[in-house]
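These notes are about the structure you will find just below.
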Amino acid sequence: MREIYTSSDGRLLPESGWRSEVSALQERASLQSGISGEAEAVSILKEAIPEAVEKRIPAARFGVLFSGGVDSSLIAFLCRNFSPHFRCYSVGFGNSKDLAAAGEASRSLGLDLAARNYALDEVGAIVSEVSRIIPKVDVVNVGVASVVYAACRLAKQDGVSVIFSGLGSEEIFAGYQRHGFAADINAECWQGLYGMHQRDLVRDTAIASNLGVSFATPFMDQELIVSAMRMDGGLKIKAGSKKHILRLAAVQLGLPEAISGRKKLAAQYGSGFDFAIKKIAKKSGFRSRHEFIQSAV
């Protein structure tokens with residue numbers, strides 16, 4: 001199916017087109033009644049999230065980018081209800097927290113997991129390749145892109161061309177640190193959605209195009225976005241816990257609390273790739289990760 005950020009031919013919308021899409025969703029959400037009750041919010045998500053996953057299940061074998069956190073675990077957990085023909089993919093370096101969590105979660109949920117722990121020189125090669133693929137080359141973009149690229153390449157080697165991603169969850173359920181400091185949590189969520197084009201979509205689309213794969217992104221589903229953005233910001237962050245309402249819904253859907261409660265780690269940190277980039281930069285005589293990454297362009 002066509003994702004909200006793509007045109008009918010599968011190309012990424014221009015930024016103006018993306019902003020128009022978000023604006024239309026914001027208008028829709030504003031015209032509907034708000035949701036302040038926890039029970040009502042959970043009930044809505046228990047229907048909306050599985051529906052967003054189901055409509056994206058392809059006929060052919062597919063993959064799931066898997067870190068063992070609530071987003072990817074919930075997607076994979078729900079995928080089992082609709083198709084047995086998928087595999088989860090996780091990558092890391094050294095003592096990767098994401099690789100450890102992915103292993104534990106996959107065993108707990110009975111998922112087929114392909115995991116790879118990369119050597120330092122392999123991470124260096126991936127960073128160099130990614131730096132030539134993505135339009136914006138900086139420490140954060142390259143760090144995230146390297147993880148996505150490495151996992152998608154594993155999937156591609158399996159003959160998989162459709163890969164599920166948890167993209168969007170952090171924005172609609174207030175998962176970033178900046179959401180915790182916001183005076184208006186939902187206003188910050190909307191601002192984050194508007195900013196996704198340059199921050200996330202351009203990068204991920206470039207990787208997908210290079211590898212010949214496409215992303216299925218249930219958390220970017222239009223109906224789910226509208227439902228989530230009708231929910232009071234206080235349901236999203238509670239007692240310091242980010243994505244609170246999503247975690248509650250995940251447990252109600254059957255995901256174990258030990259998995260649904262795992263704290264968010266950015267991909268470059270949880271994978272250990274950021275640490276690898278630091279080691280490579282130092283080993284190669286660069287003063288910083290920035291210098292090393294710029295040298296790879």
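We label chains A, B, ... in the order they appear in the structure tokens, count residues from 1 in each chain, and number ligands from 1 in the order shown.
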Review point. Which parts of stretch 146-251 of chain A does DSSP call alpha helix (DSSP H) when run on the backbone here, written out as an MDAnalysis selection string?
Key: chainID A and resid 146:157 169:172 177:181 185:196 202:211 222:229 244:251
Per residue of stretch 140-209 of chain A within 8 Å of stretch 270-277 of chain A, record the nearest atom pair and its distance in Å to one decimal, counting only C-alpha atoms, with rows in chain order and ascending residue number, as a tab-separated table.
residue	atom	partner	partner_atom	distance
A:Gly143	CA	A:Asp274	CA	6.0
A:Ser146	CA	A:Phe273	CA	7.7
A:Val147	CA	A:Phe273	CA	7.1
Practice item. Would you list the contacts of stretch 29-45 of chain A as a ChimeraX atom specification, taking every protein, DNA or RNA residue within 8 Å and counting only C-alpha atoms, but skipping same-chain residues closer than 2 positions in sequence? Key: /A:25-27,47-49,224,226-232,235,245-246,248-249,252
Using N, CA and C atoms, can you export the residues from the last selection as a PDB file, in the first residue's frame?
ATOM      1  N   LEU A  25      -4.014  16.117   8.318  1.00  0.00           N
ATOM      2  CA  LEU A  25      -4.237  15.241   9.480  1.00  0.00           C
ATOM      3  C   LEU A  25      -4.488  16.060  10.738  1.00  0.00           C
ATOM      4  N   GLN A  26      -3.754  17.147  10.873  1.00  0.00           N
ATOM      5  CA  GLN A  26      -3.934  18.019  12.039  1.00  0.00           C
ATOM      6  C   GLN A  26      -5.338  18.618  12.044  1.00  0.00           C
ATOM      7  N   GLU A  27      -5.814  18.991  10.865  1.00  0.00           N
ATOM      8  CA  GLU A  27      -7.162  19.529  10.750  1.00  0.00           C
ATOM      9  C   GLU A  27      -8.198  18.465  11.125  1.00  0.00           C
ATOM     10  N   GLU A  47      -7.411  -1.396  18.589  1.00  0.00           N
ATOM     11  CA  GLU A  47      -7.985  -1.636  17.263  1.00  0.00           C
ATOM     12  C   GLU A  47      -7.140  -1.005  16.159  1.00  0.00           C
ATOM     13  N   ALA A  48      -6.699   0.233  16.411  1.00  0.00           N
ATOM     14  CA  ALA A  48      -6.018   0.998  15.359  1.00  0.00           C
ATOM     15  C   ALA A  48      -4.652   0.428  14.998  1.00  0.00           C
ATOM     16  N   ILE A  49      -3.876  -0.008  15.984  1.00  0.00           N
ATOM     17  CA  ILE A  49      -2.522  -0.487  15.680  1.00  0.00           C
ATOM     18  C   ILE A  49      -2.551  -1.804  14.906  1.00  0.00           C
ATOM     19  N   LEU A 224      -4.204   5.991  12.391  1.00  0.00           N
ATOM     20  CA  LEU A 224      -3.521   5.858  13.677  1.00  0.00           C
ATOM     21  C   LEU A 224      -2.967   7.204  14.141  1.00  0.00           C
ATOM     22  N   VAL A 226      -4.140  10.205  13.436  1.00  0.00           N
ATOM     23  CA  VAL A 226      -5.257  11.030  13.902  1.00  0.00           C
ATOM     24  C   VAL A 226      -5.729  10.565  15.279  1.00  0.00           C
ATOM     25  N   SER A 227      -5.849   9.261  15.476  1.00  0.00           N
ATOM     26  CA  SER A 227      -6.284   8.732  16.777  1.00  0.00           C
ATOM     27  C   SER A 227      -5.299   9.102  17.879  1.00  0.00           C
ATOM     28  N   ALA A 228      -4.010   8.913  17.609  1.00  0.00           N
ATOM     29  CA  ALA A 228      -2.992   9.209  18.623  1.00  0.00           C
ATOM     30  C   ALA A 228      -2.948  10.692  18.952  1.00  0.00           C
ATOM     31  N   MET A 229      -3.140  11.534  17.929  1.00  0.00           N
ATOM     32  CA  MET A 229      -3.044  12.969  18.148  1.00  0.00           C
ATOM     33  C   MET A 229      -4.312  13.572  18.748  1.00  0.00           C
ATOM     34  N   ARG A 230      -5.362  12.795  18.866  1.00  0.00           N
ATOM     35  CA  ARG A 230      -6.542  13.224  19.619  1.00  0.00           C
ATOM     36  C   ARG A 230      -6.347  12.982  21.116  1.00  0.00           C
ATOM     37  N   MET A 231      -5.327  12.200  21.465  1.00  0.00           N
ATOM     38  CA  MET A 231      -5.111  11.818  22.860  1.00  0.00           C
ATOM     39  C   MET A 231      -4.368  12.900  23.617  1.00  0.00           C
ATOM     40  N   ASP A 232      -4.807  13.158  24.821  1.00  0.00           N
ATOM     41  CA  ASP A 232      -4.191  14.163  25.675  1.00  0.00           C
ATOM     42  C   ASP A 232      -2.709  13.853  25.857  1.00  0.00           C
ATOM     43  N   LEU A 235      -1.404  11.552  28.570  1.00  0.00           N
ATOM     44  CA  LEU A 235      -1.479  10.101  28.420  1.00  0.00           C
ATOM     45  C   LEU A 235      -0.213   9.538  27.780  1.00  0.00           C
ATOM     46  N   ILE A 245       0.981   5.593  26.975  1.00  0.00           N
ATOM     47  CA  ILE A 245      -0.268   4.997  26.497  1.00  0.00           C
ATOM     48  C   ILE A 245       0.007   3.884  25.489  1.00  0.00           C
ATOM     49  N   LEU A 246       1.044   4.023  24.690  1.00  0.00           N
ATOM     50  CA  LEU A 246       1.407   2.959  23.749  1.00  0.00           C
ATOM     51  C   LEU A 246       1.838   1.712  24.511  1.00  0.00           C
ATOM     52  N   LEU A 248       0.942   0.802  27.513  1.00  0.00           N
ATOM     53  CA  LEU A 248      -0.244   0.187  28.112  1.00  0.00           C
ATOM     54  C   LEU A 248      -1.018  -0.619  27.073  1.00  0.00           C
ATOM     55  N   ALA A 249      -1.194  -0.035  25.901  1.00  0.00           N
ATOM     56  CA  ALA A 249      -1.923  -0.725  24.833  1.00  0.00           C
ATOM     57  C   ALA A 249      -1.183  -1.988  24.397  1.00  0.00           C
ATOM     58  N   GLN A 252      -1.906  -4.703  26.795  1.00  0.00           N
ATOM     59  CA  GLN A 252      -3.281  -5.161  26.600  1.00  0.00           C
ATOM     60  C   GLN A 252      -3.407  -6.037  25.347  1.00  0.00           C
TER      61      GLN A 252
END
Exercise for review: Compile the contact shell of A:Arg199 as a ChimeraX atom specification: residues with an atom at most 12 Å away, counting only C-alpha atoms, same-chain residues fewer than 3 positions apart removed.
Suggested key: /A:15,134-138,140-142,144-145,167-168,171,191-196,202-205
With N, CA and C atoms retained, export the selected residues as an mmCIF file, in the first residue's frame.
data_model
loop_
_atom_site.group_PDB
_atom_site.id
_atom_site.type_symbol
_atom_site.label_atom_id
_atom_site.label_comp_id
_atom_site.auth_asym_id
_atom_site.auth_seq_id
_atom_site.Cartn_x
_atom_site.Cartn_y
_atom_site.Cartn_z
ATOM 1 N N GLU A 15 8.925 18.129 0.219
ATOM 2 C CA GLU A 15 8.635 18.575 1.576
ATOM 3 C C GLU A 15 7.305 19.323 1.656
ATOM 4 N N ILE A 134 23.184 8.861 1.516
ATOM 5 C CA ILE A 134 22.216 9.796 2.095
ATOM 6 C C ILE A 134 22.576 11.238 1.738
ATOM 7 N N PRO A 135 21.575 12.093 1.567
ATOM 8 C CA PRO A 135 21.833 13.481 1.159
ATOM 9 C C PRO A 135 22.508 14.334 2.225
ATOM 10 N N LYS A 136 22.127 14.134 3.480
ATOM 11 C CA LYS A 136 22.659 14.953 4.563
ATOM 12 C C LYS A 136 23.617 14.116 5.405
ATOM 13 N N VAL A 137 24.894 14.473 5.356
ATOM 14 C CA VAL A 137 25.920 13.689 6.037
ATOM 15 C C VAL A 137 26.370 14.405 7.301
ATOM 16 N N ASP A 138 25.936 13.887 8.446
ATOM 17 C CA ASP A 138 26.407 14.371 9.738
ATOM 18 C C ASP A 138 26.440 13.189 10.695
ATOM 19 N N VAL A 140 24.755 12.282 13.416
ATOM 20 C CA VAL A 140 23.488 11.624 13.763
ATOM 21 C C VAL A 140 22.900 10.886 12.565
ATOM 22 N N ASN A 141 22.829 11.555 11.423
ATOM 23 C CA ASN A 141 22.245 10.930 10.236
ATOM 24 C C ASN A 141 23.003 9.687 9.807
ATOM 25 N N VAL A 142 24.318 9.771 9.811
ATOM 26 C CA VAL A 142 25.127 8.628 9.398
ATOM 27 C C VAL A 142 25.013 7.492 10.410
ATOM 28 N N VAL A 144 22.439 6.733 12.453
ATOM 29 C CA VAL A 144 21.141 6.068 12.300
ATOM 30 C C VAL A 144 21.080 5.321 10.974
ATOM 31 N N ALA A 145 21.498 5.988 9.908
ATOM 32 C CA ALA A 145 21.428 5.390 8.577
ATOM 33 C C ALA A 145 22.259 4.112 8.477
ATOM 34 N N LEU A 167 9.127 3.555 12.440
ATOM 35 C CA LEU A 167 9.210 4.992 12.199
ATOM 36 C C LEU A 167 7.878 5.676 12.506
ATOM 37 N N GLY A 168 7.949 6.786 13.215
ATOM 38 C CA GLY A 168 6.759 7.568 13.513
ATOM 39 C C GLY A 168 6.254 7.421 14.927
ATOM 40 N N GLU A 171 7.239 10.146 17.393
ATOM 41 C CA GLU A 171 6.581 11.440 17.197
ATOM 42 C C GLU A 171 5.139 11.440 17.693
ATOM 43 N N GLN A 191 4.890 19.361 15.611
ATOM 44 C CA GLN A 191 6.106 19.967 15.062
ATOM 45 C C GLN A 191 7.079 18.885 14.611
ATOM 46 N N GLY A 192 7.169 17.821 15.394
ATOM 47 C CA GLY A 192 8.041 16.710 15.024
ATOM 48 C C GLY A 192 7.591 16.028 13.744
ATOM 49 N N LEU A 193 6.288 15.860 13.595
ATOM 50 C CA LEU A 193 5.772 15.256 12.367
ATOM 51 C C LEU A 193 6.094 16.127 11.153
ATOM 52 N N TYR A 194 5.909 17.417 11.264
ATOM 53 C CA TYR A 194 6.244 18.322 10.159
ATOM 54 C C TYR A 194 7.729 18.219 9.799
ATOM 55 N N GLY A 195 8.564 18.039 10.824
ATOM 56 C CA GLY A 195 10.016 18.011 10.596
ATOM 57 C C GLY A 195 10.562 16.679 10.144
ATOM 58 N N MET A 196 9.723 15.663 10.058
ATOM 59 C CA MET A 196 10.212 14.323 9.711
ATOM 60 C C MET A 196 10.759 14.223 8.288
ATOM 61 N N VAL A 202 13.818 11.636 4.125
ATOM 62 C CA VAL A 202 14.805 11.751 3.042
ATOM 63 C C VAL A 202 15.905 10.702 3.213
ATOM 64 N N ARG A 203 16.369 10.555 4.428
ATOM 65 C CA ARG A 203 17.427 9.573 4.731
ATOM 66 C C ARG A 203 16.966 8.146 4.465
ATOM 67 N N ASP A 204 15.839 7.756 5.036
ATOM 68 C CA ASP A 204 15.378 6.375 4.922
ATOM 69 C C ASP A 204 14.981 6.023 3.497
ATOM 70 N N THR A 205 14.400 6.984 2.782
ATOM 71 C CA THR A 205 14.021 6.734 1.394
ATOM 72 C C THR A 205 15.254 6.518 0.520
#
Exercise for review: Rank A:Tyr5, A:Phe164, A:Phe292, A:Phe93 by their smallest atom-to-atom distance to A:Lys55, using only C-alpha atoms, and report the top residue only.
Suggested key: A:Phe164
Review point. Hey, what's within 9 Å of A:Glu51 if we count only C-alpha atoms and toss same-chain stuff fewer than 5 positions away? As a list in words, please?
Key: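 My reading of the contact set: Lys46, Arg56, Pro218 and Leu224 of chain A.
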Exercise for review: Excluding A:Ala150 and residues on its chain fewer than 5 positions from it, collect all residues at most 12 Å away from it, counting only C-alpha atoms, and give them as number ranges by chain.
Suggested key: A: 65, 89-93, 114-118, 122-127, 129-130, 142-145, 155-157, 207-208, 211, 267-268, 271, 273
